[in-house]
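Colleague: Below you will find the structure I want to go over with you.
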Amino acid sequence: MNGVVLVNKPPGPTSHDVVRRIRALAKGARVGHAGTLDPRAQGLLLILVGDATKQQREFMAGEKEYVAAIRLGATSSTDDAEGKITAMSNAQIPMTNAVRRTLQSFVGETAQVPPAYSAVKIGGTKAYEAARRGKPLTLKPRGVTIKEIELLEYRYPALKIRVACAAGTYIRALARDIGKKLGCGGYLSALTRSRSGNFLLKDAVPLSSLTSQNLAQHLLPSTAIPSTLNR
């Protein structure tokens, strides 16, 4: 059994939970994924089965696209709704034109500090492990590339955007930085991955629909994979 399964991950399970589920259905085949989705996030998760796991690095390098809901007027210790939320007092409500200008200022190559609660390692220690112990690591900015940002909806404090970005971009950090630049604070309240490379969420199968009997029907053959890695 070899190929890629496009899974529509619901909020709740971790990416590794999904891998374990597919591994049980695949009955012994090697299984991995091509890009973590946080537990609260939903949407497209590429599950690699059999020989496709050998191409994991190529799959992970594909451009990603997300729909992100951002809550303005507050900050979070984790840059999402999971953390300690602190309201920003006396924050001015940004006008729509200011929001548009701010969003476009992030398009292109930019420096981004990963979230304190992330899997980034320093000296073998993961940032989220250190943060949970109350000793957060000092994380250095990393270069990321934002291809597009589109304003979908805005009614303060709710902001919804579409983001196309290169691999390695933290949307939680982007939400934090947008709020900071607007002067009102912000954190990621919901996230949906809609594309990975040329694979689309609309073609994905709900995780709950997969069984050992139908898994093979949802495998994209390895011969069809190389042409779909990048948009």
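Chain lettering (A, B, ...) mirrors the order of the structure tokens, residue numbering begins at 1 for each chain separately, and ligand numbering begins at 1 in order of display.
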Excluding A:Ala26 and any residue of its chain fewer than 6 positions from it, enumerate the residues within 8 Å of it, using only C-alpha atoms, and give them as a list in words.
Modeller: Met1, Ser212 and Leu215 of chain A
Colleague: Create the file for the chosen residues now, containing C-alpha atoms and written as an mmCIF file, in the first residue's frame.
Modeller:
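Once written, again06.cif looks like this:
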```
data_model
loop_
_atom_site.group_PDB
_atom_site.id
_atom_site.type_symbol
_atom_site.label_atom_id
_atom_site.label_comp_id
_atom_site.auth_asym_id
_atom_site.auth_seq_id
_atom_site.Cartn_x
_atom_site.Cartn_y
_atom_site.Cartn_z
ATOM 1 C CA MET A 1 0.000 0.000 0.000
ATOM 2 C CA SER A 212 -9.649 -0.297 6.518
ATOM 3 C CA LEU A 215 -8.509 3.406 2.600
#
```
Colleague: With a distance cut-off of 12 Å and only C-alpha atoms, select the neighbouring residues of stretch 8-15 of chain A, excluding the residue or stretch itself and same-chain residues fewer than 3 positions from it, and output the selection as JSON, numbers by chain.
Modeller: {"A": [5, 18, 19, 20, 21, 22, 31, 32, 33, 34, 35, 36, 37, 38, 39, 40, 41, 42, 43, 44, 45, 46, 47, 190, 191, 192, 193, 194, 195, 199, 200, 201, 202, 203, 204, 205, 206, 207, 208, 209, 210]}
Colleague: Using the selection just defined, write its residues with C-alpha atoms as a tab-separated table (two decimals), in the first residue's frame.
Modeller:
```tsv
chain	number	residue	atom	x	y	z
A	5	VAL	CA	-4.31	10.28	1.46
A	18	VAL	CA	-4.31	11.05	12.59
A	19	VAL	CA	-1.13	9.19	11.63
A	20	ARG	CA	-1.82	6.56	14.29
A	21	ARG	CA	-5.39	6.17	13.05
A	22	ILE	CA	-4.28	5.67	9.43
A	31	VAL	CA	2.68	6.11	7.63
A	32	GLY	CA	3.69	9.75	8.16
A	33	HIS	CA	2.39	13.24	7.51
A	34	ALA	CA	3.65	16.22	5.51
A	35	GLY	CA	3.16	19.24	7.76
A	36	THR	CA	1.75	19.51	11.26
A	37	LEU	CA	-1.64	21.03	11.98
A	38	ASP	CA	-2.17	22.18	15.57
A	39	PRO	CA	-4.89	20.26	17.45
A	40	ARG	CA	-7.34	23.20	17.29
A	41	ALA	CA	-6.73	23.66	13.55
A	42	GLN	CA	-8.67	21.86	10.86
A	43	GLY	CA	-8.39	21.18	7.18
A	44	LEU	CA	-6.02	19.48	4.77
A	45	LEU	CA	-3.46	17.07	6.19
A	46	LEU	CA	-1.35	15.04	3.74
A	47	ILE	CA	-0.90	11.50	5.01
A	190	ALA	CA	-9.34	29.50	14.30
A	191	LEU	CA	-7.38	28.04	11.39
A	192	THR	CA	-8.21	25.99	8.31
A	193	ARG	CA	-5.58	24.71	5.89
A	194	SER	CA	-7.12	24.83	2.42
A	195	ARG	CA	-4.13	23.86	0.27
A	199	PHE	CA	-3.53	19.41	-3.12
A	200	LEU	CA	-6.84	21.03	-2.15
A	201	LEU	CA	-9.07	20.67	0.88
A	202	LYS	CA	-12.12	20.21	-1.36
A	203	ASP	CA	-10.62	16.90	-2.52
A	204	ALA	CA	-9.94	15.60	1.00
A	205	VAL	CA	-11.88	12.88	2.79
A	206	PRO	CA	-13.14	13.40	6.36
A	207	LEU	CA	-11.06	11.46	8.87
A	208	SER	CA	-14.19	9.84	10.30
A	209	SER	CA	-15.06	8.40	6.87
A	210	LEU	CA	-11.87	6.36	6.48
```
Colleague: Pick out the closest residue to A:Arg100 from this set: A:Ala61, A:Leu48, A:Leu151, A:Leu6. Count only C-alpha atoms.
Modeller: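 Ranking A:Ala61, A:Leu48, A:Leu151, A:Leu6 by distance to A:Arg100, first place goes to A:Leu151.
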Colleague: Out of A:Val4, A:Leu139, A:Ala68, A:Ala24, which residue has the shortest atom-to-atom distance to A:Glu153 when counting only C-alpha atoms?
Modeller: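 Ranking A:Val4, A:Leu139, A:Ala68, A:Ala24 by distance to A:Glu153, first place goes to A:Ala68.
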Colleague: As an exercise, work out the distance from atom CA of A:Pro94 to atom CA of A:Asp177 in Å and give it to one decimal place.
Modeller: 14.4 Å
Colleague: As an MDAnalysis selection string, please: all residues of stretch 3-200 of chain A that backbone DSSP puts in strand (DSSP E or B).
Modeller: chainID A and resid 3:9 31:33 42:49 64:72 74:76 80 85:87 108:112 121:122 125:126 142:155 158:165 186:196 199:200
